[in-house]
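Chemist: For reference, the file model29.tsv (TSV, C-alpha atoms) is included below:
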```tsv
chain	number	residue	atom	x	y	z
A	1	MET	CA	0.00	0.00	0.00
A	2	ASN	CA	1.58	3.27	-1.05
A	3	GLU	CA	1.75	6.43	1.07
A	4	THR	CA	-1.20	8.13	-0.70
A	5	ARG	CA	-3.43	5.07	-0.20
A	6	ILE	CA	-2.52	4.93	3.49
A	7	MET	CA	-3.46	8.61	3.92
A	8	GLN	CA	-6.80	8.08	2.12
A	9	THR	CA	-7.57	5.11	4.38
A	10	CYS	CA	-6.74	7.13	7.51
A	11	CYS	CA	-8.96	10.03	6.41
A	12	SER	CA	-11.86	7.67	5.62
A	13	SER	CA	-11.47	6.03	9.03
A	14	LEU	CA	-11.45	9.44	10.73
A	15	ARG	CA	-14.68	10.49	8.99
A	16	HIS	CA	-16.34	7.23	10.03
A	17	THR	CA	-15.20	7.66	13.64
A	18	THR	CA	-16.45	11.27	13.72
A	19	GLY	CA	-19.87	10.21	12.48
A	20	PHE	CA	-20.06	7.44	15.09
A	21	PHE	CA	-19.35	9.78	17.98
A	22	LEU	CA	-21.85	12.37	16.78
A	23	ALA	CA	-24.50	9.66	16.61
A	24	SER	CA	-23.69	8.37	20.09
A	25	MET	CA	-24.00	9.96	23.53
A	26	SER	CA	-20.83	11.99	23.13
A	27	PRO	CA	-19.81	14.40	25.91
A	28	LEU	CA	-18.73	16.88	23.23
A	29	TYR	CA	-21.04	19.89	23.01
A	30	VAL	CA	-19.17	21.81	20.31
A	31	PRO	CA	-19.83	20.11	16.97
A	32	PRO	CA	-17.26	19.97	14.14
A	33	PRO	CA	-17.38	23.37	12.42
A	34	GLU	CA	-19.21	23.20	9.08
A	35	CYS	CA	-16.59	25.43	7.46
A	36	LEU	CA	-13.94	22.79	8.06
A	37	LEU	CA	-16.00	19.94	6.61
A	38	LYS	CA	-15.64	21.32	3.09
A	39	SER	CA	-12.58	22.30	1.08
A	40	PHE	CA	-11.35	25.87	0.68
A	41	THR	CA	-9.87	27.12	-2.57
A	42	VAL	CA	-7.29	29.90	-2.24
A	43	PRO	CA	-7.55	32.44	-5.07
A	44	ARG	CA	-4.54	33.40	-7.16
A	45	ARG	CA	-3.67	37.09	-6.94
A	46	TYR	CA	-0.94	39.47	-7.95
A	47	LEU	CA	0.55	40.60	-4.64
A	48	PHE	CA	1.92	44.06	-5.42
A	49	GLY	CA	1.48	45.48	-1.94
A	50	PRO	CA	4.30	46.01	0.58
A	51	GLY	CA	4.39	42.28	1.37
A	52	PRO	CA	4.04	39.39	1.35
A	53	SER	CA	5.08	39.03	-2.27
A	54	ASN	CA	4.15	36.21	-4.63
A	55	VAL	CA	5.93	32.91	-4.07
A	56	PRO	CA	7.41	31.35	-7.24
A	57	PRO	CA	6.70	27.66	-8.04
A	58	ARG	CA	10.27	26.64	-7.22
A	59	ILE	CA	9.92	27.84	-3.62
A	60	LEU	CA	6.41	26.37	-3.26
A	61	THR	CA	7.79	23.03	-4.43
A	62	ALA	CA	10.68	23.21	-1.96
A	63	GLY	CA	8.27	23.86	0.91
A	64	SER	CA	6.13	20.85	0.03
A	65	GLN	CA	8.93	18.29	0.43
A	66	PRO	CA	8.57	15.52	3.07
A	67	MET	CA	8.73	16.48	6.72
A	68	LEU	CA	11.95	15.83	8.65
A	69	GLY	CA	12.65	15.93	12.36
A	70	HIS	CA	13.81	19.38	13.39
A	71	LEU	CA	17.17	18.04	14.62
A	72	HIS	CA	17.74	15.41	11.93
A	73	ALA	CA	21.13	15.58	10.24
A	74	GLU	CA	19.52	16.73	6.98
A	75	THR	CA	17.63	19.54	8.74
A	76	ILE	CA	20.85	20.71	10.39
A	77	GLU	CA	22.52	20.68	6.98
A	78	ILE	CA	19.70	22.84	5.60
A	79	MET	CA	20.12	25.24	8.54
A	80	ASP	CA	23.84	25.48	7.79
A	81	HIS	CA	23.02	26.30	4.15
A	82	ILE	CA	20.64	29.00	5.37
A	83	LYS	CA	23.34	30.55	7.56
A	84	SER	CA	25.69	30.72	4.58
A	85	GLY	CA	22.93	32.25	2.45
A	86	ILE	CA	22.19	34.92	5.07
A	87	GLN	CA	25.88	35.75	5.35
A	88	TYR	CA	25.96	36.29	1.58
A	89	ALA	CA	22.74	38.36	1.53
A	90	PHE	CA	23.92	40.49	4.47
A	91	GLN	CA	27.55	40.60	3.26
A	92	THR	CA	28.87	39.51	6.64
A	93	GLN	CA	31.19	36.89	8.09
A	94	ASN	CA	29.45	36.98	11.48
A	95	ARG	CA	29.43	33.56	13.14
A	96	MET	CA	26.24	34.54	15.01
A	97	THR	CA	23.96	34.35	11.99
A	98	LEU	CA	20.62	32.50	12.01
A	99	ALA	CA	16.92	32.70	11.22
A	100	VAL	CA	14.36	33.38	13.93
A	101	SER	CA	11.22	31.22	13.83
A	102	GLY	CA	8.69	33.98	13.26
A	103	PRO	CA	8.03	37.10	11.16
A	104	GLY	CA	10.19	40.21	10.95
A	105	HIS	CA	8.61	41.48	14.18
A	106	ALA	CA	10.10	38.47	15.98
A	107	ALA	CA	13.56	39.39	14.70
A	108	MET	CA	13.02	43.00	15.82
A	109	GLU	CA	12.16	41.77	19.31
A	110	CYS	CA	15.06	39.31	19.29
A	111	ALA	CA	17.48	42.14	18.49
A	112	ILE	CA	16.12	44.52	21.14
A	113	PHE	CA	15.38	41.96	23.87
A	114	ASN	CA	18.93	40.59	23.74
A	115	SER	CA	20.88	43.83	23.41
A	116	VAL	CA	18.94	46.08	25.81
A	117	GLU	CA	18.33	45.77	29.57
A	118	CYS	CA	15.87	47.59	31.80
A	119	GLY	CA	17.12	51.14	32.41
A	120	ASP	CA	19.39	51.26	29.36
A	121	SER	CA	19.31	54.34	27.17
A	122	VAL	CA	18.38	53.64	23.55
A	123	LEU	CA	18.06	55.96	20.55
A	124	ILE	CA	15.41	55.29	17.90
A	125	ALA	CA	15.31	57.00	14.50
A	126	VAL	CA	11.65	57.47	13.58
A	127	ASN	CA	10.88	58.25	9.95
A	128	GLY	CA	7.95	55.86	9.66
A	129	ILE	CA	6.07	53.12	11.49
A	130	TRP	CA	9.00	50.76	12.11
A	131	GLY	CA	10.87	53.25	14.26
A	132	GLU	CA	7.64	53.73	16.22
A	133	ARG	CA	7.34	49.96	16.71
A	134	ALA	CA	10.95	49.61	17.84
A	135	ALA	CA	10.45	52.42	20.37
A	136	GLU	CA	7.38	50.72	21.83
A	137	ILE	CA	9.17	47.38	22.14
A	138	ALA	CA	12.09	49.02	23.95
A	139	GLU	CA	9.73	50.91	26.25
A	140	ARG	CA	7.96	47.68	27.19
A	141	ILE	CA	11.16	46.20	28.61
A	142	GLY	CA	11.91	49.32	30.65
A	143	ALA	CA	14.50	51.02	28.44
A	144	LYS	CA	14.92	54.79	28.47
A	145	VAL	CA	13.78	55.52	24.94
A	146	ASN	CA	14.93	58.66	23.15
A	147	LYS	CA	13.80	59.47	19.63
A	148	ILE	CA	14.86	61.56	16.70
A	149	VAL	CA	11.91	62.16	14.41
A	150	THR	CA	11.60	63.40	10.86
A	151	SER	CA	8.62	63.78	8.56
A	152	ALA	CA	7.28	60.99	6.38
A	153	GLY	CA	9.31	60.75	3.19
A	154	SER	CA	12.47	62.19	4.75
A	155	TYR	CA	15.66	60.78	6.28
A	156	PHE	CA	18.33	61.86	8.78
A	157	ARG	CA	21.67	63.48	8.11
A	158	ASN	CA	24.67	61.94	9.84
A	159	ASP	CA	25.34	65.14	11.79
A	160	GLU	CA	21.79	64.95	13.25
A	161	ILE	CA	22.43	61.37	14.31
A	162	GLU	CA	25.80	62.24	15.86
A	163	GLN	CA	24.26	65.10	17.82
A	164	ALA	CA	21.67	62.70	19.31
A	165	LEU	CA	24.31	60.05	20.08
A	166	SER	CA	26.35	62.65	21.94
A	167	LYS	CA	23.32	63.92	23.85
A	168	TYR	CA	21.68	60.63	24.91
A	169	LYS	CA	24.69	58.27	25.07
A	170	PRO	CA	22.60	55.20	24.12
A	171	VAL	CA	23.74	51.59	24.23
A	172	LEU	CA	21.80	50.96	21.00
A	173	PHE	CA	20.80	53.04	17.97
A	174	PHE	CA	17.94	51.73	15.79
A	175	LEU	CA	17.50	52.72	12.14
A	176	THR	CA	15.20	51.42	9.39
A	177	HIS	CA	17.05	50.83	6.13
A	178	GLY	CA	13.92	50.44	3.99
A	179	GLU	CA	10.93	52.24	5.52
A	180	SER	CA	8.02	50.55	3.74
A	181	SER	CA	5.40	52.85	5.28
A	182	THR	CA	6.90	55.94	3.64
A	183	GLY	CA	8.92	54.53	0.74
A	184	VAL	CA	12.34	55.77	1.92
A	185	VAL	CA	15.65	53.92	1.64
A	186	HIS	CA	17.91	55.42	4.30
A	187	PRO	CA	21.62	56.14	3.66
A	188	ILE	CA	23.77	53.88	5.85
A	189	ASP	CA	27.37	54.98	5.17
A	190	GLY	CA	29.20	56.45	8.16
A	191	ILE	CA	26.50	55.77	10.76
A	192	GLY	CA	28.09	52.60	12.15
A	193	GLU	CA	31.38	54.41	12.60
A	194	LEU	CA	29.58	57.16	14.53
A	195	CYS	CA	27.85	54.62	16.76
A	196	HIS	CA	31.14	52.92	17.62
A	197	ARG	CA	32.74	56.28	18.37
A	198	TYR	CA	30.06	56.75	21.05
A	199	ASN	CA	30.27	53.13	22.31
A	200	CYS	CA	26.85	52.30	20.90
A	201	LEU	CA	25.57	49.28	18.97
A	202	PHE	CA	24.10	49.94	15.51
A	203	LEU	CA	20.86	48.02	14.80
A	204	VAL	CA	19.40	48.06	11.28
A	205	ASP	CA	15.95	46.88	10.14
A	206	SER	CA	16.34	45.80	6.50
A	207	VAL	CA	13.08	43.86	6.17
A	208	ALA	CA	11.76	45.77	3.15
A	209	ALA	CA	15.10	46.55	1.50
A	210	LEU	CA	17.36	43.51	1.73
A	211	GLY	CA	18.16	42.10	-1.70
A	212	GLY	CA	16.64	45.13	-3.40
A	213	SER	CA	18.99	47.87	-2.22
A	214	PRO	CA	22.73	47.71	-1.45
A	215	ILE	CA	23.81	47.10	2.13
A	216	TYR	CA	27.08	45.71	3.51
A	217	MET	CA	26.80	44.65	7.14
A	218	ASP	CA	30.52	44.28	7.88
A	219	LYS	CA	31.86	47.14	5.78
A	220	GLN	CA	29.22	49.55	7.10
A	221	ASP	CA	29.91	48.62	10.75
A	222	ILE	CA	26.41	47.31	11.45
A	223	ASP	CA	26.23	45.36	14.71
A	224	ILE	CA	22.79	43.77	14.40
A	225	MET	CA	20.70	43.42	11.26
A	226	TYR	CA	17.57	41.49	10.39
A	227	THR	CA	15.12	41.01	7.55
A	228	GLY	CA	11.98	39.05	6.72
A	229	SER	CA	11.44	36.13	4.37
A	230	GLN	CA	8.35	37.45	2.57
A	231	LYS	CA	9.74	40.44	0.68
A	232	VAL	CA	12.53	40.22	-1.92
A	233	LEU	CA	13.26	36.59	-1.00
A	234	ASN	CA	9.69	35.66	-2.09
A	235	VAL	CA	9.43	33.11	0.73
A	236	PRO	CA	6.20	32.65	2.75
A	237	PRO	CA	6.16	34.69	5.99
A	238	GLY	CA	7.43	32.95	9.11
A	239	THR	CA	11.23	33.03	9.13
A	240	ALA	CA	13.40	36.06	9.84
A	241	PRO	CA	17.15	36.12	9.09
A	242	ILE	CA	19.26	37.97	11.65
A	243	SER	CA	22.97	38.46	12.35
A	244	PHE	CA	25.02	39.79	15.27
A	245	SER	CA	28.56	41.14	15.18
A	246	GLU	CA	31.23	40.03	17.67
A	247	ARG	CA	30.86	43.44	19.28
A	248	ALA	CA	27.14	42.88	19.77
A	249	CYS	CA	27.73	39.37	21.10
A	250	CYS	CA	30.25	40.64	23.68
A	251	ARG	CA	27.61	42.99	25.07
A	252	ILE	CA	24.77	40.46	24.91
A	253	PHE	CA	26.65	37.65	26.62
A	254	SER	CA	27.94	39.90	29.40
A	255	ARG	CA	24.55	41.38	30.33
A	256	LYS	CA	23.54	41.40	34.00
A	257	THR	CA	20.03	40.03	33.52
A	258	LYS	CA	18.45	37.38	31.35
A	259	PRO	CA	16.56	38.55	28.25
A	260	VAL	CA	12.84	38.94	28.91
A	261	SER	CA	11.97	36.30	26.29
A	262	TYR	CA	13.02	32.67	26.67
A	263	PHE	CA	12.01	31.91	23.10
A	264	LEU	CA	14.19	34.72	21.68
A	265	ASP	CA	17.14	34.31	24.10
A	266	LEU	CA	20.22	34.42	21.88
A	267	SER	CA	22.20	32.02	24.06
A	268	TRP	CA	19.61	29.32	23.28
A	269	LEU	CA	19.19	30.30	19.63
A	270	ALA	CA	22.97	30.32	19.15
A	271	ASN	CA	23.17	26.70	20.25
A	272	TYR	CA	20.09	25.64	18.28
A	273	TRP	CA	21.63	27.09	15.10
A	274	GLY	CA	25.14	25.80	15.81
A	275	CYS	CA	26.62	29.28	16.25
A	276	ASP	CA	28.25	28.69	19.66
A	277	ARG	CA	30.91	26.13	18.66
A	278	LYS	CA	29.44	23.50	21.02
A	279	SER	CA	29.55	19.92	19.77
A	280	ALA	CA	25.85	19.19	20.34
A	281	ARG	CA	22.68	21.18	19.72
A	282	ALA	CA	20.18	21.17	22.59
A	283	TYR	CA	16.41	21.22	22.14
A	284	HIS	CA	15.08	24.76	22.41
A	285	HIS	CA	11.96	24.80	20.24
A	286	THR	CA	10.59	22.87	17.28
A	287	GLY	CA	11.64	24.90	14.28
A	288	PRO	CA	9.36	25.38	11.25
A	289	VAL	CA	11.04	22.65	9.22
A	290	THR	CA	9.22	23.06	5.90
A	291	ALA	CA	9.53	26.84	6.18
A	292	LEU	CA	13.29	26.31	6.39
A	293	TYR	CA	13.16	24.39	3.10
A	294	SER	CA	11.50	27.44	1.53
A	295	LEU	CA	13.92	29.91	3.08
A	296	ARG	CA	16.88	27.90	1.82
A	297	GLU	CA	15.41	27.97	-1.70
A	298	GLY	CA	14.76	31.72	-1.59
A	299	LEU	CA	18.35	32.35	-0.53
A	300	ALA	CA	19.56	29.97	-3.25
A	301	ILE	CA	17.69	31.96	-5.90
A	302	LEU	CA	19.27	35.19	-4.60
A	303	ALA	CA	22.72	33.57	-4.70
A	304	GLU	CA	22.15	32.33	-8.26
A	305	THR	CA	20.88	35.75	-9.37
A	306	GLY	CA	23.72	37.57	-7.64
A	307	LEU	CA	23.25	40.42	-5.18
A	308	GLU	CA	24.52	43.11	-7.54
A	309	ASN	CA	22.22	41.89	-10.32
A	310	SER	CA	19.28	41.87	-7.91
A	311	TRP	CA	20.05	45.39	-6.70
A	312	LYS	CA	20.33	46.66	-10.28
A	313	ARG	CA	17.10	45.02	-11.42
A	314	HIS	CA	15.11	46.48	-8.53
A	315	LYS	CA	16.59	49.92	-9.15
A	316	ASP	CA	15.89	49.83	-12.91
A	317	VAL	CA	12.34	48.50	-12.53
A	318	ALA	CA	11.54	51.11	-9.86
A	319	ALA	CA	12.81	53.92	-12.12
A	320	TYR	CA	10.70	52.55	-14.99
A	321	PHE	CA	7.66	52.53	-12.68
A	322	HIS	CA	8.27	56.09	-11.48
A	323	GLU	CA	8.50	57.35	-15.06
A	324	GLY	CA	5.24	55.56	-15.86
A	325	LEU	CA	3.49	57.11	-12.88
A	326	GLU	CA	4.32	60.60	-14.10
A	327	ARG	CA	2.99	59.76	-17.58
A	328	ILE	CA	-0.43	58.94	-16.13
A	329	GLY	CA	-0.53	62.02	-13.91
A	330	LEU	CA	0.64	60.50	-10.61
A	331	LYS	CA	3.86	61.18	-8.74
A	332	PRO	CA	6.11	59.41	-6.22
A	333	PHE	CA	5.71	60.57	-2.63
A	334	VAL	CA	9.47	60.71	-1.92
A	335	GLU	CA	10.82	63.74	-3.75
A	336	ASP	CA	14.53	62.92	-3.47
A	337	LYS	CA	15.09	60.27	-6.16
A	338	LYS	CA	18.15	58.87	-4.36
A	339	ALA	CA	16.01	58.24	-1.26
A	340	ARG	CA	13.27	56.26	-3.02
A	341	LEU	CA	13.03	52.67	-1.84
A	342	PRO	CA	13.39	50.43	-4.93
A	343	THR	CA	11.22	47.67	-3.49
A	344	VAL	CA	8.18	49.63	-2.22
A	345	THR	CA	7.06	52.78	-4.02
A	346	THR	CA	4.84	55.30	-2.27
A	347	ILE	CA	2.57	57.31	-4.59
A	348	VAL	CA	0.98	60.60	-3.60
A	349	ALA	CA	-2.70	59.77	-3.09
A	350	PRO	CA	-4.51	61.39	-6.06
A	351	PRO	CA	-6.48	64.45	-4.86
A	352	GLY	CA	-10.24	64.05	-4.78
A	353	TYR	CA	-10.19	60.25	-4.69
A	354	ASP	CA	-10.79	57.84	-1.81
A	355	TRP	CA	-7.69	55.61	-1.71
A	356	ARG	CA	-9.81	52.74	-0.38
A	357	GLU	CA	-12.02	52.87	-3.47
A	358	ILE	CA	-8.95	52.81	-5.74
A	359	THR	CA	-7.35	49.79	-4.04
A	360	GLY	CA	-10.71	48.00	-3.87
A	361	TYR	CA	-11.43	48.65	-7.55
A	362	ILE	CA	-8.03	47.35	-8.62
A	363	MET	CA	-8.45	44.23	-6.51
A	364	LYS	CA	-11.95	43.53	-7.86
A	365	ASN	CA	-11.33	44.30	-11.52
A	366	HIS	CA	-7.66	43.46	-12.00
A	367	ASN	CA	-6.99	40.85	-9.29
A	368	ILE	CA	-4.11	43.02	-8.07
A	369	GLU	CA	-3.30	43.96	-4.49
A	370	ILE	CA	-1.86	47.38	-3.84
A	371	SER	CA	-2.06	49.13	-0.49
A	372	GLY	CA	-2.80	52.42	1.18
A	373	GLY	CA	-0.51	54.13	3.68
A	374	LEU	CA	0.54	52.80	7.07
A	375	GLY	CA	1.28	54.67	10.28
A	376	PRO	CA	2.31	58.25	9.47
A	377	SER	CA	1.46	57.84	5.77
A	378	VAL	CA	-2.17	56.75	6.19
A	379	GLY	CA	-4.39	58.71	3.82
A	380	MET	CA	-1.36	60.28	2.14
A	381	VAL	CA	-0.14	57.55	-0.20
A	382	LEU	CA	-0.75	54.42	-2.18
A	383	ARG	CA	1.96	51.76	-1.81
A	384	VAL	CA	3.12	49.39	-4.52
A	385	GLY	CA	5.64	46.62	-3.86
A	386	LEU	CA	7.79	45.17	-6.65
A	387	MET	CA	9.99	42.65	-4.89
A	388	GLY	CA	11.98	39.64	-6.03
A	389	CYS	CA	10.20	37.80	-8.86
A	390	ASN	CA	7.58	40.58	-8.93
A	391	SER	CA	10.21	43.15	-9.87
A	392	ASN	CA	9.85	43.22	-13.64
A	393	LYS	CA	8.67	45.67	-16.31
A	394	PRO	CA	5.65	43.65	-17.59
A	395	TYR	CA	4.22	43.76	-14.07
A	396	VAL	CA	4.85	47.52	-13.95
A	397	ASP	CA	2.85	47.91	-17.17
A	398	MET	CA	0.05	45.85	-15.63
A	399	ILE	CA	-0.05	48.07	-12.53
A	400	LEU	CA	0.00	51.29	-14.55
A	401	GLU	CA	-2.91	50.01	-16.64
A	402	ALA	CA	-4.85	49.13	-13.48
A	403	LEU	CA	-4.18	52.56	-11.93
A	404	THR	CA	-5.25	54.33	-15.13
A	405	ASP	CA	-8.46	52.31	-15.21
A	406	ALA	CA	-9.17	53.03	-11.54
A	407	LEU	CA	-8.70	56.78	-11.98
A	408	LYS	CA	-11.13	56.66	-14.90
A	409	HIS	CA	-13.88	54.75	-13.06
A	410	CYS	CA	-13.55	55.67	-9.37
A	411	HIS	CA	-15.46	58.62	-7.97
A	412	LYS	CA	-13.60	61.92	-7.91
A	413	SER	CA	-14.84	64.65	-5.61
A	414	LYS	CA	-15.34	68.06	-7.15
A	415	VAL	CA	-14.62	69.77	-3.83
```
Starting from the file, give its structure as C-alpha cells.
Modeler:
Amino acid sequence: MNETRIMQTCCSSLRHTTGFFLASMSPLYVPPPECLLKSFTVPRRYLFGPGPSNVPPRILTAGSQPMLGHLHAETIEIMDHIKSGIQYAFQTQNRMTLAVSGPGHAAMECAIFNSVECGDSVLIAVNGIWGERAAEIAERIGAKVNKIVTSAGSYFRNDEIEQALSKYKPVLFFLTHGESSTGVVHPIDGIGELCHRYNCLFLVDSVAALGGSPIYMDKQDIDIMYTGSQKVLNVPPGTAPISFSERACCRIFSRKTKPVSYFLDLSWLANYWGCDRKSARAYHHTGPVTALYSLREGLAILAETGLENSWKRHKDVAAYFHEGLERIGLKPFVEDKKARLPTVTTIVAPPGYDWREITGYIMKNHNIEISGGLGPSVGMVLRVGLMGCNSNKPYVDMILEALTDALKHCHKSKV
C-alpha cells in the first residue's frame, strides 16, 4: 500500500469515527465546524502590496517536500546552508547568523530583547512606522527611549544622528534601512562608525530593502541586522534572518540580567543554530522545518541571481515605474530620487479620490493587491511593492494600466 493510499484510508477512518461519535451519547457539546468539513480554494492574486510578495513555483515546491525531524542531520545541513545564504545576503562573516522562527517582528524583538536591559538608554530613528514599533518594544522592557523624528518621506543626516548620540549616550541606535510605510531607503554609510565612536551598537531593520537595495553589514559597521522572508526573497512569511557582530555578542553575553523572552534568548538560539561552537545542539523549540526548506530555496535563488544583479534590477524597474506614474498624472511621494526605496514605491494619493475605493477597484477588476498608507502615511499615499520575482517591467505595465483604469472609473470629488 503506497503512502497516498494509506493517507486516504486514515482520512476515511477518521470520517467514520467522527460520524459514530456524533450519533452516540458523546460528551462533546461543540460540533465539528461546518466550514472545516468542506474544502477551501485559495484564489490566485498578484501581490503588489508592501508584502508578502508572490511565491514562485520553485519555492512552493521546496516547501512541500517531506517532513523531517527538526534536529535530523539533513535539517541541520539545511540550517547550515541558510546561515551561509544569510551571510551572503547580508555581506557579513558573522558567526552569530541565524533565522528566527517567526516574522520580521520576531527578529526585531530578538534584536532589542537581547541587546537592551531595563534602564538602558536607547536611541530610535523614527521616519515611519517601524521606528515607532521599535520604540514601543524598547519601552515595554523598561528602556529609556529617546527618539529623533523626521517627517514621512524624509531621512536623517549623519550630523543629526551624531548630535543625538552625543546627547543621549545610548547603548543601542535603531534605524530602518527600507521604511516601507513611507517609501524611503535610508543612507547607511558612516553611521556605524559614529555609533562605535560613542560606544553604541548599531541596529538596522532591512526587512523591506534587503536584496533590493545595497547594504554591507561588515563594511558599514552594522552590529545587528535582520530582515523578513516574505519580501525580496519571495518566501512565505514565518522566518526572519538575523545576524550579530562580535561586538554585539560581547555585550549580549555579558549582560547582568536574562533577556525577557526565553524563546528569543540568543544564548539558546545560538546553540540551536550551531553558532556557539558547542559539539551538540540542545532542544530549544521545534523549528518550522518546511519553512526552512522554503527559506533555503529563496536564498539559493538570490545567490544564483547575484546580489549586484538583484540590486540593479530592482533599481531599474523602480525607475521605470516612477516614469510611468508621471505619464499617467501620478507622482512618487518621496521627492529625493536617491532616497526612493526600490522595493516599495509610495505614490501621492490622487487628490479628490478615496484611496480605499482605488485599491478596492483594482483588486476587484484586476486581481491586483496594492495598499494604502501605514502609520504616518495613512491617507497620504498608495503603496506598490515590486519585490523579487515581482520586480519586472511587464508587471509595472500591468499596474499602470490598473491605476489608469481606476482613476477613470472611481469617484472623484469636485470639492
Chemist: With all atoms listed in the file as the basis for distance, which of A:Gly298, A:Gly274, A:Pro342, A:Gly372 is at the shortest distance from Met96 of chain A?
Modeler: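 Under the stated criterion, the closest residue is A:Gly274.
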Chemist: Point out the residue among A:Phe113, A:Phe174, A:Phe253, A:Trp130 with the least atom-to-atom distance to Leu201 of chain A, counting all atoms listed in the file.
Modeler: A:Phe174
Chemist: Between atom CA of Ala282 of chain A and atom CA of Gln91 of chain A, what is the distance in Å, rounded to a tenth?
Modeler: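 Going from atom CA of Ala282 of chain A over to atom CA of Gln91 of chain A, I get 28.4 Å.
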Chemist: With distances taken over all atoms listed in the file, which of A:Asp205, A:Leu165, A:Tyr353, A:His314 is nearest to Arg133 of chain A?
Modeler: A:Asp205
Chemist: Mind pulling up the distance from atom CA of Phe173 of chain A to atom CA of Gly388 of chain A?
Modeler: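 Interatomic distance, atom CA of Gly388 of chain A to atom CA of Phe173 of chain A: 28.9 Å.
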Chemist: Using all atoms listed in the file, which protein or nucleic acid residues come within 10 Å of Ile347 of chain A? Drop anything in the same chain fewer than 6 positions from it, and give the result as a list in words.
Modeler: Thr182, Gly183, His322, Leu325, Leu330, Lys331, Pro332, Phe333, Val334, Gly372, Gly373, Met380, Val381, Leu382, Arg383 and Val384 of chain A
Chemist: Any chance you can output those residues with C-alpha atoms as an mmCIF file, keeping the file's coordinate frame?
Modeler:
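Result file again11.cif:
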```cif
data_model
loop_
_atom_site.group_PDB
_atom_site.id
_atom_site.type_symbol
_atom_site.label_atom_id
_atom_site.label_comp_id
_atom_site.auth_asym_id
_atom_site.auth_seq_id
_atom_site.Cartn_x
_atom_site.Cartn_y
_atom_site.Cartn_z
ATOM 1 C CA THR A 182 6.900 55.940 3.640
ATOM 2 C CA GLY A 183 8.920 54.530 0.740
ATOM 3 C CA HIS A 322 8.270 56.090 -11.480
ATOM 4 C CA LEU A 325 3.490 57.110 -12.880
ATOM 5 C CA LEU A 330 0.640 60.500 -10.610
ATOM 6 C CA LYS A 331 3.860 61.180 -8.740
ATOM 7 C CA PRO A 332 6.110 59.410 -6.220
ATOM 8 C CA PHE A 333 5.710 60.570 -2.630
ATOM 9 C CA VAL A 334 9.470 60.710 -1.920
ATOM 10 C CA GLY A 372 -2.800 52.420 1.180
ATOM 11 C CA GLY A 373 -0.510 54.130 3.680
ATOM 12 C CA MET A 380 -1.360 60.280 2.140
ATOM 13 C CA VAL A 381 -0.140 57.550 -0.200
ATOM 14 C CA LEU A 382 -0.750 54.420 -2.180
ATOM 15 C CA ARG A 383 1.960 51.760 -1.810
ATOM 16 C CA VAL A 384 3.120 49.390 -4.520
#
```
Chemist: Since the input is missing atoms for segment 331-341 of chain A, could you rebuild it with N, CA, C and O atoms and give the result as a compact mmCIF listing (two decimals), keeping the file's coordinate frame?
Modeler:
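Saved file result_12.txt follows:
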```txt
# COMPACT_ATOMS: atom_id res chain seq x y z
N LYS A 331 2.46 60.90 -9.04
CA LYS A 331 3.86 61.18 -8.74
C LYS A 331 4.30 60.45 -7.47
O LYS A 331 3.51 60.25 -6.54
N PRO A 332 5.58 60.05 -7.43
CA PRO A 332 6.11 59.41 -6.22
C PRO A 332 6.06 60.36 -5.03
O PRO A 332 6.24 61.57 -5.17
N PHE A 333 5.82 59.78 -3.86
CA PHE A 333 5.71 60.57 -2.63
C PHE A 333 7.08 61.10 -2.17
O PHE A 333 7.17 62.21 -1.65
N VAL A 334 8.12 60.31 -2.35
CA VAL A 334 9.47 60.71 -1.92
C VAL A 334 10.08 61.56 -3.03
O VAL A 334 10.32 61.08 -4.14
N GLU A 335 10.35 62.81 -2.73
CA GLU A 335 10.82 63.74 -3.75
C GLU A 335 12.27 63.48 -4.16
O GLU A 335 12.62 63.57 -5.34
N ASP A 336 13.12 63.17 -3.19
CA ASP A 336 14.53 62.92 -3.47
C ASP A 336 14.65 61.54 -4.14
O ASP A 336 14.44 60.51 -3.52
N LYS A 337 15.04 61.53 -5.42
CA LYS A 337 15.09 60.27 -6.16
C LYS A 337 16.06 59.27 -5.53
O LYS A 337 15.82 58.07 -5.57
N LYS A 338 17.16 59.77 -4.97
CA LYS A 338 18.15 58.87 -4.36
C LYS A 338 17.60 58.21 -3.11
O LYS A 338 18.13 57.18 -2.67
N ALA A 339 16.56 58.78 -2.50
CA ALA A 339 16.01 58.24 -1.26
C ALA A 339 14.78 57.37 -1.49
O ALA A 339 14.14 56.93 -0.53
N ARG A 340 14.44 57.10 -2.74
CA ARG A 340 13.27 56.26 -3.02
C ARG A 340 13.63 54.79 -2.87
O ARG A 340 14.58 54.31 -3.47
N LEU A 341 12.84 54.10 -2.08
CA LEU A 341 13.03 52.67 -1.84
C LEU A 341 12.70 51.89 -3.11
O LEU A 341 11.58 51.98 -3.62
```
